[in-house]
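K.L.:
A single structure is presented below for examination.
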Amino acid sequence: MSRTGGSTSGTVAVLGAGSWGATLAHLLAEKGLAVHLWSHTPENAARLLEERTLPGKLPGFQLSRAVTVGHRLDQVLAGATTLVVAVPSRHFRETTVALRKAVRAREFREMLTVTATKGFEFGTLKPMTSILSEELGV
């Protein structure tokens with residue numbers, strides 16, 4: 001976790017709409033936080049928004065209706081005070097590069113930034129926090 005500002009209240013942007021990201025988004029919403037969940041594809045975002053389930057991944061899981069779902073980073077990040085990155089490690093760098101293009105660096109320094117991605121970058125063996133630092137300066 002990288003605390004560069006922000007607070008633990010307000011709007012949370014969760015990046016990664018797989019089992020882990022959706023579960024974190026659901027739990028944060030159940031605690032009363034405003035949560036925006038990002039999916040990398042419009043199709044997955046639309047399915048999650050309508051069905052609120054993860055077929056084949058989490059039997060019985062029902063995403064909280066309080067969670068908004070989208071596929072555009074700029075919209076999901078709008079007004080966020082906390083950023084949770086929960087994408088697979090193989091997609092972590094490309095996600096942070098997309099983040100850098102979507103939002104100004106100053107905005108990242110004002111957010112509480114949490115990486116919920118496990119593992120290391122293939123090839124470099126860098127931890128996710130190093131990639132965040134390299135790509136976003138946080």
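Following the order of the structure tokens, first chain is A, next is B, and so on, with residues numbered from 1 inside each chain and ligands from 1 in the order they appear.
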Excluding same-chain residues fewer than 4 positions from segment 58-70 of chain A, what lies within 6 Å of it counting only C-alpha atoms, as a PyMOL selection string?
P.N.:
chain A and resi 26+35-38+45+49+52-54
K.L.:
Mind listing the strand (DSSP E or B) residues of chain A, per DSSP on the backbone, as an MDAnalysis selection string?
P.N.:
chainID A and resid 2:3 11:15 34:38 67:70 80:85 112:115 120 127
K.L.:
Just write the chosen residues, C-alpha atoms, as a PDB file, in the first residue's frame.
P.N.:
ATOM      1  CA  SER A   2       1.289   3.414  -0.875  1.00  0.00           C
ATOM      2  CA  ARG A   3      -0.161   6.289   1.082  1.00  0.00           C
ATOM      3  CA  THR A  11     -14.984   7.313  -3.560  1.00  0.00           C
ATOM      4  CA  VAL A  12     -12.924   4.206  -4.249  1.00  0.00           C
ATOM      5  CA  ALA A  13     -11.900   3.185  -7.769  1.00  0.00           C
ATOM      6  CA  VAL A  14     -11.186  -0.549  -8.020  1.00  0.00           C
ATOM      7  CA  LEU A  15      -9.337  -1.573 -11.162  1.00  0.00           C
ATOM      8  CA  ALA A  34     -18.904   4.785  -2.977  1.00  0.00           C
ATOM      9  CA  VAL A  35     -17.198   2.304  -5.308  1.00  0.00           C
ATOM     10  CA  HIS A  36     -16.508   2.395  -9.037  1.00  0.00           C
ATOM     11  CA  LEU A  37     -15.289  -0.890 -10.553  1.00  0.00           C
ATOM     12  CA  TRP A  38     -13.277  -0.901 -13.796  1.00  0.00           C
ATOM     13  CA  VAL A  67     -21.057  -0.625  -7.035  1.00  0.00           C
ATOM     14  CA  THR A  68     -20.982   1.212 -10.352  1.00  0.00           C
ATOM     15  CA  VAL A  69     -19.198  -0.573 -13.188  1.00  0.00           C
ATOM     16  CA  GLY A  70     -17.476   0.918 -16.213  1.00  0.00           C
ATOM     17  CA  ALA A  80     -11.849   8.908  -6.545  1.00  0.00           C
ATOM     18  CA  THR A  81      -9.899   9.500  -3.344  1.00  0.00           C
ATOM     19  CA  THR A  82      -8.676   5.904  -3.139  1.00  0.00           C
ATOM     20  CA  LEU A  83      -7.316   3.701  -5.915  1.00  0.00           C
ATOM     21  CA  VAL A  84      -7.213  -0.091  -5.563  1.00  0.00           C
ATOM     22  CA  VAL A  85      -5.397  -1.941  -8.351  1.00  0.00           C
ATOM     23  CA  LEU A 112      -4.519   6.628  -1.286  1.00  0.00           C
ATOM     24  CA  THR A 113      -3.094   4.001  -3.645  1.00  0.00           C
ATOM     25  CA  VAL A 114      -3.347   0.294  -2.840  1.00  0.00           C
ATOM     26  CA  THR A 115      -2.095  -2.595  -4.913  1.00  0.00           C
ATOM     27  CA  PHE A 120       6.013 -10.119  -9.630  1.00  0.00           C
ATOM     28  CA  PRO A 127       7.070  -6.175  -7.346  1.00  0.00           C
TER      29      PRO A 127
END
K.L.:
Just to confirm, what's the straight-line distance from atom CA of Lys57 of chain A to atom CA of Leu132 of chain A in Å (one decimal)?
P.N.:
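One can read the atom CA of Lys57 of chain A to atom CA of Leu132 of chain A distance as 27.6 Å.
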K.L.:
Would you mind writing down, as a PyMOL selection string, each residue of chain A that DSSP on the backbone assigns to helix (DSSP H, G or I)?
P.N.:
chain A and resi 19-30+42-51+73-77+89-102+105-109+128-136
K.L.:
Pick the closest to Asp74 of chain A from A:Val103, A:Ala17, A:Glu50, A:Gly56: which is it, counting only C-alpha atoms?
P.N.:
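Selected residue with least distance to Asp74 of chain A: A:Val103.
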K.L.:
List the neighbours of Arg100 of chain A out to 10 Å using only C-alpha atoms; skip same-chain residues closer than 3 positions along the sequence, and give me the result as a count of residues only.
P.N.:
12
K.L.:
With only C-alpha atoms as the basis for distance, which of A:Gly32, A:His40, A:Arg90, A:Glu110 is at the shortest distance from Val76 of chain A?
P.N.:
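Result for the nearest residue to Val76 of chain A: A:His40.
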K.L.:
Distance atom CA of Phe122 of chain A-atom CA of Val87 of chain A, one decimal place?
P.N.:
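Interatomic distance, atom CA of Phe122 of chain A to atom CA of Val87 of chain A: 14.2 Å.
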K.L.:
Within 12 Å of Thr124 of chain A, counting only C-alpha atoms, which residues qualify if same-chain residues fewer than 4 places away don't, as number ranges by chain?
P.N.:
A: 89-90, 93, 119-120, 128, 130-131
K.L.:
Between A:His71, A:Lys31, A:Gly16, A:Gly123, which has the minimum distance to Ala86 of chain A (counting only C-alpha atoms)?
P.N.:
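Once distances to Ala86 of chain A are computed over only C-alpha atoms, the minimum belongs to A:Gly16.
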